[in-house]
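*Asks:* If it helps, the file is called target.pdb and holds PDB, C-alpha atoms:
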ATOM      1  CA  MET A   1       5.740  14.576  18.759
ATOM      2  CA  ASN A   2       9.346  13.415  18.285
ATOM      3  CA  ASN A   3       8.655  10.239  20.205
ATOM      4  CA  ASP A   4       5.393   9.618  18.414
ATOM      5  CA  LYS A   5       6.305   6.733  16.113
ATOM      6  CA  LEU A   6       4.157   4.588  13.916
ATOM      7  CA  ILE A   7       5.276   1.000  14.503
ATOM      8  CA  ILE A   8       4.404  -1.698  11.976
ATOM      9  CA  GLY A   9       5.838  -5.174  12.352
ATOM     10  CA  GLY A  10       8.595  -3.865  14.617
ATOM     11  CA  HIS A  11       9.633  -1.132  12.149
ATOM     12  CA  GLU A  12       9.401   2.504  13.245
ATOM     13  CA  PHE A  13       8.144   5.333  11.062
ATOM     14  CA  ASN A  14       7.966   9.054  11.728
ATOM     15  CA  SER A  15       5.686   9.689   8.766
ATOM     16  CA  ARG A  16       2.046   8.664   8.859
ATOM     17  CA  PHE A  17       1.493   9.263   5.164
ATOM     18  CA  ILE A  18       1.818   6.116   3.034
ATOM     19  CA  LEU A  19       1.960   6.946  -0.642
ATOM     20  CA  GLY A  20       0.527   4.900  -3.472
ATOM     21  CA  SER A  21       2.883   5.285  -6.407
ATOM     22  CA  GLY A  22       0.441   4.758  -9.270
ATOM     23  CA  LYS A  23      -1.044   7.149 -11.820
ATOM     24  CA  PHE A  24       1.745   9.720 -11.962
ATOM     25  CA  SER A  25       4.881   9.835 -14.058
ATOM     26  CA  LEU A  26       8.046   8.165 -12.792
ATOM     27  CA  ASP A  27      10.057  11.356 -12.887
ATOM     28  CA  MET A  28       7.642  12.918 -10.407
ATOM     29  CA  THR A  29       8.002  10.105  -7.873
ATOM     30  CA  LYS A  30      10.918  11.605  -5.965
ATOM     31  CA  ALA A  31       9.315  15.043  -5.588
ATOM     32  CA  VAL A  32       6.049  13.540  -4.386
ATOM     33  CA  ILE A  33       7.828  11.383  -1.815
ATOM     34  CA  GLU A  34       9.937  14.278  -0.555
ATOM     35  CA  ASN A  35       7.142  16.841  -0.459
ATOM     36  CA  GLY A  36       4.875  14.363   1.285
ATOM     37  CA  GLY A  37       7.493  13.438   3.893
ATOM     38  CA  VAL A  38       6.747   9.873   2.855
ATOM     39  CA  GLU A  39       8.670   6.955   4.382
ATOM     40  CA  MET A  40       6.636   4.090   2.906
ATOM     41  CA  ALA A  41       5.320   3.695  -0.634
ATOM     42  CA  THR A  42       3.315   0.960  -2.313
ATOM     43  CA  LEU A  43       4.183  -0.741  -5.584
ATOM     44  CA  ALA A  44       2.377  -3.204  -7.822
ATOM     45  CA  LEU A  45       3.744  -6.326  -9.500
ATOM     46  CA  ARG A  46       3.095  -6.835 -13.193
ATOM     47  CA  ARG A  47       4.472  -8.778 -16.133
ATOM     48  CA  ALA A  48       7.777  -7.161 -17.063
ATOM     49  CA  ASN A  49       8.217  -5.382 -20.340
ATOM     50  CA  ASN A  50      11.309  -6.289 -22.260
ATOM     51  CA  GLY A  51      13.273  -3.677 -24.112
ATOM     52  CA  GLY A  52      14.841  -1.765 -21.257
ATOM     53  CA  GLU A  53      11.841   0.155 -19.990
ATOM     54  CA  GLU A  54      12.498   2.341 -16.993
ATOM     55  CA  ASN A  55      11.837   0.779 -13.606
ATOM     56  CA  ILE A  56      10.128   2.549 -10.730
ATOM     57  CA  LEU A  57      12.737   1.271  -8.263
ATOM     58  CA  ASP A  58      15.240   3.598  -9.917
ATOM     59  CA  TYR A  59      13.031   6.570  -9.059
ATOM     60  CA  ILE A  60      12.338   5.896  -5.389
ATOM     61  CA  PRO A  61      14.876   7.517  -3.033
ATOM     62  CA  GLU A  62      17.038   5.385  -0.726
ATOM     63  CA  GLY A  63      15.591   4.586   2.664
ATOM     64  CA  ILE A  64      11.948   4.415   1.610
ATOM     65  CA  THR A  65      10.219   1.273   2.848
ATOM     66  CA  LEU A  66       8.546  -0.483  -0.052
ATOM     67  CA  LEU A  67       5.117  -1.996   0.372
ATOM     68  CA  PRO A  68       4.302  -4.251  -2.591
ATOM     69  CA  ASN A  69       0.589  -4.817  -3.050
ATOM     70  CA  THR A  70      -1.153  -7.880  -4.411
ATOM     71  CA  SER A  71      -3.418  -5.973  -6.793
ATOM     72  CA  GLY A  72      -4.736  -8.184  -9.535
ATOM     73  CA  ALA A  73      -5.317 -11.042  -7.093
ATOM     74  CA  ARG A  74      -8.873 -12.429  -7.169
ATOM     75  CA  ASN A  75      -8.405 -14.951  -4.357
ATOM     76  CA  ALA A  76      -6.007 -15.835  -1.525
ATOM     77  CA  GLU A  77      -3.952 -18.175  -3.683
ATOM     78  CA  GLU A  78      -3.211 -15.477  -6.247
ATOM     79  CA  ALA A  79      -2.388 -12.953  -3.511
ATOM     80  CA  VAL A  80       0.097 -15.393  -1.981
ATOM     81  CA  ARG A  81       1.685 -15.998  -5.377
ATOM     82  CA  ILE A  82       2.104 -12.264  -6.025
ATOM     83  CA  ALA A  83       3.495 -11.677  -2.516
ATOM     84  CA  ARG A  84       6.094 -14.407  -2.903
ATOM     85  CA  LEU A  85       7.190 -13.086  -6.298
ATOM     86  CA  SER A  86       7.424  -9.567  -4.856
ATOM     87  CA  LYS A  87       9.681 -10.803  -2.074
ATOM     88  CA  GLU A  88      12.025 -12.241  -4.724
ATOM     89  CA  LEU A  89      12.595  -8.712  -5.957
ATOM     90  CA  GLY A  90      14.510  -8.151  -2.737
ATOM     91  CA  CYS A  91      12.641  -5.210  -1.301
ATOM     92  CA  GLY A  92      11.836  -6.484   2.169
ATOM     93  CA  ASP A  93       9.107  -8.392   3.946
ATOM     94  CA  PHE A  94       6.209  -5.964   3.808
ATOM     95  CA  VAL A  95       3.130  -6.801   1.769
ATOM     96  CA  LYS A  96      -0.221  -5.095   1.358
ATOM     97  CA  ILE A  97      -2.809  -7.755   0.669
ATOM     98  CA  GLU A  98      -5.416  -6.692  -1.805
ATOM     99  CA  VAL A  99      -7.907  -9.293  -3.032
ATOM    100  CA  VAL A 100     -10.567  -7.846  -5.296
ATOM    101  CA  ARG A 101     -13.196  -9.769  -7.210
ATOM    102  CA  ASP A 102     -15.704  -6.985  -7.721
ATOM    103  CA  SER A 103     -14.857  -5.085 -10.877
ATOM    104  CA  LYS A 104     -17.240  -2.156 -10.456
ATOM    105  CA  TYR A 105     -16.646  -0.902  -6.921
ATOM    106  CA  LEU A 106     -13.329  -2.752  -6.472
ATOM    107  CA  LEU A 107     -14.364  -3.819  -2.990
ATOM    108  CA  PRO A 108     -12.024  -6.245  -1.216
ATOM    109  CA  ASP A 109     -12.942  -9.842  -0.478
ATOM    110  CA  ASN A 110     -12.516  -9.958   3.299
ATOM    111  CA  TYR A 111     -12.734 -13.753   3.506
ATOM    112  CA  GLU A 112      -9.975 -14.410   0.978
ATOM    113  CA  THR A 113      -7.944 -11.605   2.555
ATOM    114  CA  ILE A 114      -7.998 -13.385   5.921
ATOM    115  CA  LYS A 115      -6.816 -16.616   4.274
ATOM    116  CA  ALA A 116      -3.938 -14.890   2.479
ATOM    117  CA  THR A 117      -2.954 -13.028   5.655
ATOM    118  CA  GLU A 118      -2.673 -16.254   7.610
ATOM    119  CA  ILE A 119      -0.481 -17.958   5.001
ATOM    120  CA  LEU A 120       1.845 -15.008   4.468
ATOM    121  CA  ALA A 121       2.209 -14.090   8.142
ATOM    122  CA  LYS A 122       3.311 -17.674   8.829
ATOM    123  CA  GLU A 123       5.940 -17.292   6.094
ATOM    124  CA  GLY A 124       7.374 -14.248   7.842
ATOM    125  CA  PHE A 125       5.797 -11.460   5.829
ATOM    126  CA  ILE A 126       4.770  -8.233   7.545
ATOM    127  CA  VAL A 127       1.182  -8.343   6.369
ATOM    128  CA  MET A 128      -0.955  -5.239   5.929
ATOM    129  CA  PRO A 129      -4.372  -6.308   4.651
ATOM    130  CA  TYR A 130      -6.646  -3.921   2.766
ATOM    131  CA  MET A 131     -10.190  -4.659   3.906
ATOM    132  CA  TYR A 132     -13.801  -3.565   4.069
ATOM    133  CA  PRO A 133     -14.170  -2.063   7.565
ATOM    134  CA  ASP A 134     -15.832  -4.849   9.483
ATOM    135  CA  LEU A 135     -14.962  -5.529  13.120
ATOM    136  CA  ILE A 136     -15.317  -9.299  12.920
ATOM    137  CA  THR A 137     -13.009  -9.456   9.904
ATOM    138  CA  ALA A 138     -10.513  -7.169  11.625
ATOM    139  CA  ARG A 139     -10.413  -9.512  14.637
ATOM    140  CA  GLU A 140      -9.840 -12.478  12.325
ATOM    141  CA  LEU A 141      -7.011 -10.580  10.647
ATOM    142  CA  VAL A 142      -5.416  -9.924  14.035
ATOM    143  CA  ASN A 143      -5.606 -13.641  14.809
ATOM    144  CA  ALA A 144      -4.209 -14.458  11.367
ATOM    145  CA  GLY A 145      -1.066 -12.471  12.117
ATOM    146  CA  ALA A 146      -1.653  -9.104  10.415
ATOM    147  CA  SER A 147       0.688  -6.261  11.399
ATOM    148  CA  ALA A 148      -1.773  -3.478  10.574
ATOM    149  CA  ILE A 149      -5.347  -3.201   9.332
ATOM    150  CA  MET A 150      -6.144  -1.112   6.260
ATOM    151  CA  PRO A 151      -9.870  -0.318   6.074
ATOM    152  CA  LEU A 152     -11.243   1.512   3.046
ATOM    153  CA  ALA A 153     -12.856   4.935   3.405
ATOM    154  CA  ALA A 154     -14.624   4.669   0.032
ATOM    155  CA  PRO A 155     -14.093   2.714  -3.198
ATOM    156  CA  ILE A 156     -10.525   2.764  -4.533
ATOM    157  CA  GLY A 157      -9.758   5.782  -6.662
ATOM    158  CA  SER A 158     -13.128   7.439  -5.989
ATOM    159  CA  ASN A 159     -11.899  10.440  -3.930
ATOM    160  CA  ARG A 160     -15.238  10.280  -2.093
ATOM    161  CA  GLY A 161     -13.832  10.642   1.405
ATOM    162  CA  LEU A 162     -14.710   9.044   4.728
ATOM    163  CA  VAL A 163     -17.860   7.230   3.663
ATOM    164  CA  THR A 164     -17.256   4.404   6.169
ATOM    165  CA  LYS A 165     -16.327   6.735   9.016
ATOM    166  CA  GLU A 166     -18.461   5.191  11.770
ATOM    167  CA  PHE A 167     -17.142   1.698  11.052
ATOM    168  CA  ILE A 168     -13.525   2.797  10.956
ATOM    169  CA  LYS A 169     -14.136   4.426  14.358
ATOM    170  CA  ILE A 170     -15.154   1.033  15.716
ATOM    171  CA  LEU A 171     -11.885  -0.471  14.476
ATOM    172  CA  VAL A 172      -9.908   2.336  16.109
ATOM    173  CA  GLU A 173     -11.640   1.622  19.406
ATOM    174  CA  GLU A 174     -11.508  -2.164  19.314
ATOM    175  CA  ILE A 175      -8.367  -3.226  17.441
ATOM    176  CA  ASP A 176      -4.908  -2.885  18.953
ATOM    177  CA  LEU A 177      -2.992  -2.930  15.649
ATOM    178  CA  PRO A 178      -2.287   0.235  13.645
ATOM    179  CA  ILE A 179      -5.361   1.247  11.632
ATOM    180  CA  ILE A 180      -4.414   2.764   8.289
ATOM    181  CA  VAL A 181      -7.176   4.266   6.184
ATOM    182  CA  ASP A 182      -6.565   3.159   2.629
ATOM    183  CA  ALA A 183      -8.621   4.016  -0.431
ATOM    184  CA  GLY A 184     -11.199   6.681  -1.048
ATOM    185  CA  ILE A 185      -9.627   9.629   0.780
ATOM    186  CA  GLY A 186      -9.971  12.489  -1.695
ATOM    187  CA  LYS A 187      -8.576  15.570   0.004
ATOM    188  CA  PRO A 188      -6.388  16.612   2.919
ATOM    189  CA  SER A 189      -9.304  17.664   5.149
ATOM    190  CA  GLN A 190     -10.624  14.081   4.998
ATOM    191  CA  ALA A 191      -7.199  12.693   5.897
ATOM    192  CA  CYS A 192      -7.059  15.147   8.786
ATOM    193  CA  GLU A 193     -10.511  14.115   9.993
ATOM    194  CA  ALA A 194      -9.530  10.447   9.971
ATOM    195  CA  MET A 195      -6.356  11.212  11.920
ATOM    196  CA  GLU A 196      -8.340  13.263  14.461
ATOM    197  CA  MET A 197     -10.439  10.122  15.033
ATOM    198  CA  GLY A 198      -7.335   8.234  16.110
ATOM    199  CA  VAL A 199      -6.491   6.437  12.909
ATOM    200  CA  ASP A 200      -2.745   5.706  12.882
ATOM    201  CA  ALA A 201      -1.899   6.559   9.271
ATOM    202  CA  ILE A 202      -3.353   7.425   5.884
ATOM    203  CA  MET A 203      -2.627   5.855   2.563
ATOM    204  CA  ALA A 204      -3.430   7.928  -0.514
ATOM    205  CA  ASN A 205      -2.664   7.755  -4.190
ATOM    206  CA  THR A 206      -5.457   8.923  -6.481
ATOM    207  CA  ALA A 207      -6.173  12.048  -4.429
ATOM    208  CA  VAL A 208      -2.611  13.179  -5.061
ATOM    209  CA  ALA A 209      -2.246  11.826  -8.584
ATOM    210  CA  THR A 210      -5.436  13.427  -9.916
ATOM    211  CA  SER A 211      -4.782  16.831  -8.340
ATOM    212  CA  GLY A 212      -3.730  19.888 -10.294
ATOM    213  CA  ASN A 213      -0.303  20.197  -8.676
ATOM    214  CA  ILE A 214       0.840  16.759  -7.605
ATOM    215  CA  PRO A 215       3.909  17.615  -5.461
ATOM    216  CA  MET A 216       2.027  20.451  -3.742
ATOM    217  CA  MET A 217      -0.914  18.173  -2.973
ATOM    218  CA  ALA A 218       1.505  15.645  -1.470
ATOM    219  CA  GLU A 219       2.714  18.356   0.876
ATOM    220  CA  ALA A 220      -0.868  19.374   1.700
ATOM    221  CA  PHE A 221      -1.564  15.764   2.704
ATOM    222  CA  LYS A 222       1.558  15.667   4.842
ATOM    223  CA  LEU A 223       0.503  18.782   6.738
ATOM    224  CA  ALA A 224      -3.110  17.628   7.133
ATOM    225  CA  ILE A 225      -2.020  14.260   8.497
ATOM    226  CA  ILE A 226       0.341  15.925  10.974
ATOM    227  CA  ALA A 227      -2.408  18.359  12.012
ATOM    228  CA  GLY A 228      -4.894  15.558  12.537
ATOM    229  CA  ARG A 229      -2.406  13.527  14.545
ATOM    230  CA  MET A 230      -1.555  16.491  16.772
ATOM    231  CA  ALA A 231      -5.242  17.183  17.331
ATOM    232  CA  TYR A 232      -5.845  13.557  18.296
ATOM    233  CA  LEU A 233      -2.894  13.520  20.699
ATOM    234  CA  SER A 234      -4.041  16.844  22.175
ATOM    235  CA  GLY A 235      -7.529  15.530  22.843
ATOM    236  CA  ILE A 236     -10.388  17.134  20.917
ATOM    237  CA  GLY A 237     -12.400  19.750  22.810
ATOM    238  CA  ARG A 238     -15.876  18.837  24.022
ATOM    239  CA  VAL A 239     -19.087  19.595  22.114
ATOM    240  CA  LEU A 240     -22.128  21.406  23.542
ATOM    241  CA  GLU A 241     -25.339  20.237  21.946
ATOM    242  CA  ASN A 242     -28.012  22.712  22.990
ATOM    243  CA  LYS A 243     -26.325  25.892  24.144
ATOM    244  CA  GLY A 244     -23.363  28.185  23.695
ATOM    245  CA  GLU A 245     -20.668  29.091  26.144
ATOM    246  CA  ALA A 246     -18.843  32.405  26.129
ATOM    247  CA  SER A 247     -15.139  32.264  25.457
ATOM    248  CA  SER A 248     -14.587  35.708  26.946
ATOM    249  CA  PRO A 249     -14.994  36.459  30.696
ATOM    250  CA  LEU A 250     -18.554  37.072  31.856
ATOM    251  CA  THR A 251     -17.504  39.779  34.332
ATOM    252  CA  GLY A 252     -16.147  43.327  34.020
ATOM    253  CA  PHE A 253     -18.463  44.445  31.209
ATOM    254  CA  LEU A 254     -18.392  48.264  30.618
ATOM    255  CA  ASN A 255     -22.040  48.626  31.506
ATOM    256  CA  ASP A 256     -21.816  46.719  34.826
TER
ATOM    257  CA  MET B   1       7.461 -22.167 -24.733
ATOM    258  CA  ARG B   2       5.256 -19.492 -23.218
ATOM    259  CA  ILE B   3       6.650 -16.245 -21.865
ATOM    260  CA  ASN B   4       4.287 -13.818 -20.120
ATOM    261  CA  GLY B   5       1.331 -15.329 -21.937
ATOM    262  CA  LYS B   6       2.907 -15.298 -25.402
ATOM    263  CA  THR B   7       3.987 -18.416 -27.280
ATOM    264  CA  ILE B   8       7.465 -18.330 -28.775
ATOM    265  CA  SER B   9       9.698 -21.129 -29.961
ATOM    266  CA  LEU B  10      12.988 -21.912 -28.307
ATOM    267  CA  LYS B  11      15.267 -23.858 -30.624
ATOM    268  CA  GLU B  12      17.520 -25.192 -27.903
ATOM    269  CA  GLU B  13      17.880 -25.180 -24.154
ATOM    270  CA  ILE B  14      19.261 -21.985 -22.718
ATOM    271  CA  LYS B  15      20.364 -20.656 -19.357
ATOM    272  CA  LEU B  16      17.697 -18.482 -17.783
ATOM    273  CA  SER B  17      20.100 -15.562 -17.333
ATOM    274  CA  ASP B  18      21.052 -15.691 -21.023
ATOM    275  CA  PHE B  19      17.413 -15.896 -22.067
ATOM    276  CA  LEU B  20      16.507 -12.838 -19.978
ATOM    277  CA  GLU B  21      19.424 -10.822 -21.282
ATOM    278  CA  GLN B  22      18.833 -11.764 -24.914
ATOM    279  CA  ASN B  23      15.209 -10.734 -24.598
ATOM    280  CA  GLY B  24      15.936  -7.347 -23.106
ATOM    281  CA  TYR B  25      14.937  -7.901 -19.485
ATOM    282  CA  ASN B  26      16.837  -6.152 -16.692
ATOM    283  CA  ILE B  27      17.986  -9.136 -14.604
ATOM    284  CA  ASN B  28      18.322  -7.044 -11.458
ATOM    285  CA  ARG B  29      14.753  -5.814 -11.644
ATOM    286  CA  VAL B  30      12.772  -8.970 -12.405
ATOM    287  CA  ALA B  31      11.467 -12.030 -10.594
ATOM    288  CA  VAL B  32      10.861 -15.245 -12.522
ATOM    289  CA  GLU B  33       8.431 -18.099 -12.214
ATOM    290  CA  LYS B  34       8.993 -21.288 -14.209
ATOM    291  CA  ASN B  35       6.105 -23.719 -14.518
ATOM    292  CA  GLY B  36       4.537 -22.184 -11.427
ATOM    293  CA  ASN B  37       7.659 -22.287  -9.267
ATOM    294  CA  ILE B  38       9.698 -19.224  -8.331
ATOM    295  CA  ILE B  39      13.300 -19.341  -9.506
ATOM    296  CA  PRO B  40      15.462 -17.520  -6.939
ATOM    297  CA  ARG B  41      17.724 -14.875  -8.430
ATOM    298  CA  ALA B  42      20.768 -16.836  -7.223
ATOM    299  CA  LYS B  43      19.778 -19.614  -9.624
ATOM    300  CA  PHE B  44      19.300 -17.467 -12.754
ATOM    301  CA  LEU B  45      22.816 -18.410 -13.880
ATOM    302  CA  THR B  46      22.305 -22.155 -13.574
ATOM    303  CA  GLU B  47      18.617 -22.665 -14.317
ATOM    304  CA  ILE B  48      18.033 -24.133 -17.774
ATOM    305  CA  ILE B  49      14.835 -23.489 -19.704
ATOM    306  CA  ASN B  50      13.505 -25.308 -22.740
ATOM    307  CA  ASP B  51      10.678 -25.092 -25.250
ATOM    308  CA  ASN B  52       8.194 -26.844 -22.931
ATOM    309  CA  ASP B  53       8.467 -24.292 -20.151
ATOM    310  CA  ILE B  54       5.966 -21.682 -19.096
ATOM    311  CA  ILE B  55       7.793 -18.597 -17.829
ATOM    312  CA  GLU B  56       6.518 -15.503 -16.093
ATOM    313  CA  VAL B  57       8.852 -12.514 -15.775
ATOM    314  CA  VAL B  58       7.551  -9.810 -13.455
ATOM    315  CA  SER B  59       8.725  -6.502 -12.071
ATOM    316  CA  PHE B  60       7.460  -3.613  -9.962
ATOM    317  CA  VAL B  61       5.414  -0.786 -11.410
ATOM    318  CA  GLY B  62       3.719   2.171  -9.779
ATOM    319  CA  GLY B  63       0.513   1.243  -8.005
ATOM    320  CA  GLY B  64      -1.559   1.880  -4.911
TER
END
Show this structure as structure tokens.
*Replies:*
Amino acid sequence: MNNDKLIIGGHEFNSRFILGSGKFSLDMTKAVIENGGVEMATLALRRANNGGEENILDYIPEGITLLPNTSGARNAEEAVRIARLSKELGCGDFVKIEVVRDSKYLLPDNYETIKATEILAKEGFIVMPYMYPDLITARELVNAGASAIMPLAAPIGSNRGLVTKEFIKILVEEIDLPIIVDAGIGKPSQACEAMEMGVDAIMANTAVATSGNIPMMAEAFKLAIIAGRMAYLSGIGRVLENKGEASSPLTGFLND
Amino acid sequence: MRINGKTISLKEEIKLSDFLEQNGYNINRVAVEKNGNIIPRAKFLTEIINDNDIIEVVSFVGGG
């Protein structure tokens, strides 16, 4: 397991739990990151408040890779604008592209996401597009220069779990980039199940932020993701459809 | 001028860095766009803004 690294855009990570930093208080950020064994966390870009409000960057421990998202973007042009502004804040080259035009289910616009990926990859960004799990789109994103693919499990913030499981499986089988399930995962068992399928990492935010004990839930996710990864690397045992098979020896019974 | 969607009046030209400081922004934690173009942090000290400019000042917040 020590040599089992997640590699995104040439950067190595030991943790396969990417944390979304929204919806919980700033002073909890450090505990959540530490309990979750998190090495990468997302941020959003918004109009700054004047008057010396506290900044999230002061609450994220050293050494954490920051992944700014383009939330709020409704098309490729806006995503590119947000990504470029984020880069000016001096936190590296990573960007999670998020282009959402649908205000009810918050589903991503795959077409605009491909366009933004192409532009930003050419500019040297390490592009991680959030997308609806569609194989054709994923292939286009690979061609556009993406460094990972981030299919949704269910609508953002819904905690509904692996609703798109079969389609994420197809991406795992067909796409050579890291597949990171992002959005919709509601509890550790669902993260574990995705990891058992061969997904490379899990991104979660709402599942942690809406739990009863936020730092403890971060740790539960860490353990579930590790368990799922170990199970995947071990190779899942086979399934018998129409019969059972004894686990104990079938010889040497007392009444033989 | 317009700053983050609000109209204010700027009596005279001012250096961007002075404007940000006077208005309570943390210079080390913001990125700035003037009339649609990003102003690199290295130019905050020399960039001049006036009452015709449209300025966006952004920073990171928590988000997924």
*Asks:* What's the 10 Å shell around A:Asp58, counting all atoms listed in the file, without same-chain residues fewer than 3 positions away, as a CSV table (one decimal) with C-alpha atoms, keeping the file's coordinate frame?
*Replies:*
chain,number,residue,atom,x,y,z
A,26,LEU,CA,8.0,8.2,-12.8
A,27,ASP,CA,10.1,11.4,-12.9
A,29,THR,CA,8.0,10.1,-7.9
A,30,LYS,CA,10.9,11.6,-6.0
A,54,GLU,CA,12.5,2.3,-17.0
A,55,ASN,CA,11.8,0.8,-13.6
A,61,PRO,CA,14.9,7.5,-3.0
A,62,GLU,CA,17.0,5.4,-0.7
B,29,ARG,CA,14.8,-5.8,-11.6
*Asks:* At a cut-off of 7 Å, which residues of chain A touch chain B? Count all atoms listed in the file and give the answer as a VMD selection string.
*Replies:* chain A and resid 20 to 22 42 to 48 50 to 52 55 to 56 85 88 to 89 205
*Asks:* How many Å separate atom CA of B:Met1 from atom CA of B:Leu16?
*Replies:*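 These two atoms are separated by 12.9 Å.
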*Asks:* Using only C-alpha atoms, list the residues that have an atom at most 10 Å from (-17.4, 8.1, 0.5), coordinates as in the file, as an NGL selection string.
*Replies:* :A and (152-155 or 158-165 or 183-186)
*Asks:* Specify as a PyMOL selection string each residue included when the PyMOL selection byres ((chain A and resi 142) around 12) is applied to this file.
*Replies:* chain A and resi 113-115+117-118+121+127-129+135-141+143-150+171+174-179
*Asks:* Do you know which residues are at most 9 Å from B:Leu45 counting all atoms listed in the file, after dropping those on the same chain fewer than 6 positions away, and could you put them as a list in words?
*Replies:*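 Final neighbour list, sorted by chain and number: Lys15, Leu16, Ser17 and Asp18 of chain B.
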*Asks:* Running the PyMOL selection byres ((chain B and resi 8) around 12) on this model by hand, what would come out? Give it as a ChimeraX atom specification.
*Replies:* /B:1-7,9-11,23,50-55
*Asks:* Determine, counting only C-alpha atoms, which protein, DNA and RNA residues have an atom within 8 Å of an atom of A:Ser71; residues of the same chain fewer than 6 positions away are not included. Present the result as a PDB file with C-alpha atoms, keeping the file's coordinate frame.
*Replies:*
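Wrote around.pdb, looks like this:
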ATOM      1  CA  ALA A  44       2.377  -3.204  -7.822  1.00  0.00           C
ATOM      2  CA  LEU A  45       3.744  -6.326  -9.500  1.00  0.00           C
ATOM      3  CA  ALA A  79      -2.388 -12.953  -3.511  1.00  0.00           C
ATOM      4  CA  ILE A  97      -2.809  -7.755   0.669  1.00  0.00           C
ATOM      5  CA  GLU A  98      -5.416  -6.692  -1.805  1.00  0.00           C
ATOM      6  CA  VAL A  99      -7.907  -9.293  -3.032  1.00  0.00           C
ATOM      7  CA  VAL A 100     -10.567  -7.846  -5.296  1.00  0.00           C
TER       8      VAL A 100
END
*Asks:* Quick one: pull the distance between atom CA of A:Asp109 and atom CA of A:Pro133, Å, one decimal.
*Replies:* 11.3 Å
*Asks:* Atom CA of A:Asp93 and atom CA of A:Tyr130, how far apart in Å?
*Replies:*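 Value for the atom CA of A:Tyr130-atom CA of A:Asp93 distance: 16.4 Å.
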*Asks:* Looking at only C-alpha atoms, which of A:Glu53, A:Asp102, A:Asp200, A:Asp4 is the one that sits closest to A:Ile156?
*Replies:*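 Result for the nearest residue to A:Ile156: A:Asp102.
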*Asks:* Got a sec: who's within 10 Å of A:Thr65, counting all atoms listed in the file, leaving out chain neighbours fewer than 2 positions off, as a CSV table (one decimal) with C-alpha atoms, in the coordinates of the input?
*Replies:*
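And here is the file that came out, part.csv:
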chain,number,residue,atom,x,y,z
A,11,HIS,CA,9.6,-1.1,12.1
A,13,PHE,CA,8.1,5.3,11.1
A,18,ILE,CA,1.8,6.1,3.0
A,38,VAL,CA,6.7,9.9,2.9
A,39,GLU,CA,8.7,7.0,4.4
A,40,MET,CA,6.6,4.1,2.9
A,41,ALA,CA,5.3,3.7,-0.6
A,42,THR,CA,3.3,1.0,-2.3
A,60,ILE,CA,12.3,5.9,-5.4
A,61,PRO,CA,14.9,7.5,-3.0
A,62,GLU,CA,17.0,5.4,-0.7
A,63,GLY,CA,15.6,4.6,2.7
A,67,LEU,CA,5.1,-2.0,0.4
A,68,PRO,CA,4.3,-4.3,-2.6
A,91,CYS,CA,12.6,-5.2,-1.3
A,92,GLY,CA,11.8,-6.5,2.2
A,93,ASP,CA,9.1,-8.4,3.9
A,94,PHE,CA,6.2,-6.0,3.8
*Asks:* For this structure, which residues satisfy the selection - the PyMOL selection byres ((chain A and resi 228) around 8) - when it is evaluated on the file as given? I want them as a VMD selection string.
*Replies:* chain A and resid 191 to 196 224 to 227 229 to 232
*Asks:* Which residues come within 12 Å of A:Asn213, counting all atoms listed in the file, excluding same-chain residues fewer than 6 positions away, as a list in words?
*Replies:*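 My reading of the contact set: Phe24, Met28, Ala31, Val32, Asn35, Ala207, Glu219 and Ala220 of chain A.
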*Asks:* Return the padded bounding box of stretch 214-225 of chain A as lines of an AutoDock Vina configuration file: axis-aligned, built from all atoms listed in the file, 8 Å added on each side, with centre and edge lengths in Å to one decimal.
*Replies:*
center_x = 0.4
center_y = 17.4
center_z = 0.4
size_x = 23.0
size_y = 22.2
size_z = 32.1
